[in-house]
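*Asks:* Before I ask anything, let me first share the structure, which is written out below as structure tokens.
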Amino acid sequence: MQEDSTRSFGIRARPALALLSGPLLYVLMRLLAPPAGMPESAWTLLALLVWMVAWWLSEALPLAATALLPVIVMPLSGIAELGAVTQAYGHPLIFLFLGGFMLAMAIESVGLHRRIALAIVSRVGTRPRDLTLGFMAATAFLSMWITNTAATIMMYAVALSVIDFIRGRSGDPEALRKFSVGLMLAVAYSASIGGMATLIGSPVNALLATILAGEYGITVEFADWLMIGLPVTVTMLVIAWALLTFVLYPATALAGSDLAEAVRTEHDRLPPMGRAERTVAAVFFLAAVGWIFGDQISAVTGLPVTDTTVALIAALLLFALPVNREMTEFALDWKTAAGLPWNVLILIGGGLAIALAFQMTGLAGWIGDRVGGLSIAVFAMVLLVTVLMVFLTEIMSNPASAATILPVVSAIAVGFDLNPMVLAVPAALAANMSFMMPVATAPNAIVFSSPDLKILDMAKAGLWLNLCGIAVCTGFVYFILRPLNGW
């Protein structure tokens with residue numbers, strides 16, 4: 001009885017210790033004198049950052065709740081006025097994500113994402129390797145526009161139905177298990193990889209754009225990031241597909257005819273494309289055109305067309321366009337939109353508040369001055385930042401790790417008289433590469449519920465893919481982007 005009581009106390013104590021750790025570290029740091037040359041406000045900001053990281057790592061509070069700390073602590077501690085802090089939570093890129101989320105929810109609510117996915121999968125062939133490639137292409141494409149969680153949930157369901165269909169028809173259980181494990185990992189990995197391609201594909205990308213714009217006056221438009229993220233996405237998809245289907249989990253023994261029938265069965269279950277789907281598809285197409293060719297549209301029309309403007313116009317069109325003759329139903333309603341991932345918007349705002357305070361308090365300048373006298377090769381810096389981010393995101397959420405590291409590495413780059421993009425871009429790309437652990441990302445956690453998938457499977461494949469991701473990010477930024485853009 002006493003043993004049970006002790007165990008119960010331990011379970012209650014751990015959340016309490018996690019809650020106390022953040023403010024305790026903050027107070028202890030405030031009691032100490034700041035390092036030589038560091039402004040008092042910068043030291044206070046650093047203490048606040050340590051508090052937030054402690055809570056983000058321990059998940060003592062929901063991630064978005066922790067991201068609200070700057071609104072309270074910064075004005076009370078004299079770091080910044082309340083109005084200046086709250087402006088970070090209303091940055092234009094926050095509204096870009098808001099409009100993007102609304103478009104994504106409309107795509108999901110009418111079932112357009114499932115039609116797109118099955119259309120892609122059904123056109124790539126029916127051999128195990130081809131089918132896996134089709135699932136990866138479909139998942140990655142969806143993840144470019146909707147959340148990687150939603151893309152994974154939908155493709156996971158389709159993958160399960162395909163596996164269940166052939167389970168009773170295959171006489172080789174080992175080949176079936178290899179196919180099942182490889183397909184599940186392919187869905188999870190491609191969801192994370194796809195999010196790298198577009199500015200709205202991942203909160204990390206938006207954080208990068210807001211930090212560079214707010215601190216250094218560098219504007220990263222949708223088309224700009226597409227030129228950075230899309231090549232990495234395509235490269236990583238090919239590497240992940242080859243690694244899973246040729247090296248780790250080849251399943252060539254499975255009959256292609258069964259796979260073909262499984263995909264056809266799923267595709268045949270789709271109802272005819274209705275007015276709602278056609279309407280959302282048209283708005284989605286127009287939004288994509290606006291994001292990709294915004295500068296050209298502005299030049300022709302003379303109007304200041306921005307990515308945020310395009311996203312909000314698309315969202316309002318969805319609310320305004322009826323999908324029935326009575327005009328009582330619309331492509332998107334507020335009941336659906338109310339389910340927006342507001343937590344992601346708050347998390348981005350909190351990260352931006354911290355990043356802006358780096359400049360306001362002089363912390364960015366202090367870091368830059370301290371590293372400016374060091375002698376480190378640029379290649380080594382890019383590699384170190386990439387390795388740090390890849391493995392940090394295995395234990396910490398991607399947006400939280402990006403909010404913590406991006407302002408620091410940007411300041412370090414400036415301290416070495418480099419363009420902040422040289423270290424910020426590989427850090428952002430690497431933050432999207434969490435492949436080893438089920439807790440690292442929502443896609444990993446979702447597919448881990450598959451009965452065939454073991455943690456060793458994910459850890460083994462994820463480690464190899466992490467190493468490949470480090471090589472791709474480092475090489476692409478240092479050997480291609482840096483000389484191409486004059487960074």
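Chain lettering (A, B, ...) mirrors the order of the structure tokens, residue numbering begins at 1 for each chain separately, and ligand numbering begins at 1 in order of display.
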Write out as CSV a residue-level contact list of region 359-473 of chain A versus region 193-214 of chain A with cut-off 10 Å: for each qualifying residue the closest pair of atoms and the distance in Å to one decimal, counting only C-alpha atoms, rows sorted by chain and residue number upward.
*Replies:*
residue,atom,partner,partner_atom,distance
A:Gln359,CA,A:Gly214,CA,9.1
A:Asn398,CA,A:Val204,CA,6.8
A:Pro399,CA,A:Val204,CA,5.3
A:Ala400,CA,A:Val204,CA,8.7
A:Ser401,CA,A:Val204,CA,8.9
A:Ala402,CA,A:Val204,CA,6.1
A:Ala403,CA,A:Leu207,CA,7.0
A:Leu406,CA,A:Leu208,CA,7.1
A:Pro407,CA,A:Ile211,CA,7.1
A:Ser410,CA,A:Leu212,CA,8.2
A:Pro420,CA,A:Leu212,CA,7.7
A:Met421,CA,A:Leu212,CA,8.0
A:Ala424,CA,A:Leu208,CA,7.0
A:Val425,CA,A:Leu208,CA,7.6
A:Ala427,CA,A:Leu208,CA,9.1
A:Ala428,CA,A:Val204,CA,6.1
A:Leu429,CA,A:Met196,CA,6.5
A:Ala430,CA,A:Met196,CA,9.3
A:Ala431,CA,A:Val204,CA,7.2
A:Asn432,CA,A:Met196,CA,6.6
A:Met433,CA,A:Ile193,CA,7.0
A:Ser434,CA,A:Ile193,CA,9.3
A:Phe435,CA,A:Ile193,CA,9.8
A:Gly469,CA,A:Ile193,CA,9.9
*Asks:* Using DSSP assignments from the backbone, pull out every residue in region 320-383 of chain A that falls under helix (DSSP H, G or I) and give it to me as number ranges by chain.
*Replies:* A: 320, 334-337, 342-360, 363-372, 378-383
*Asks:* One decimal, Å: what's the distance from CA of Asp172 (chain A) over to CA of Asp130 (chain A), could you say?
*Replies:* 19.2 Å
*Asks:* For CA of Leu303 (chain A) and CA of Gly290 (chain A), determine how far apart the two atoms are, in Å to one decimal place.
*Replies:*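 Separation of CA of Leu303 (chain A) and CA of Gly290 (chain A): 12.4 Å.
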*Asks:* Skipping near chain neighbours, those fewer than 5 positions away, what residues fall within 8 Å of Thr361 (chain A) using only C-alpha atoms, listed as an MDAnalysis selection string?
*Replies:* chainID A and resid 39 41:42 45 79
*Asks:* Which is closest to Met102 (chain A) among A:Met436, A:Ile470, A:Leu423, A:Leu340, if we use only C-alpha atoms?
*Replies:*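 The closest residue to Met102 (chain A) is A:Leu340.
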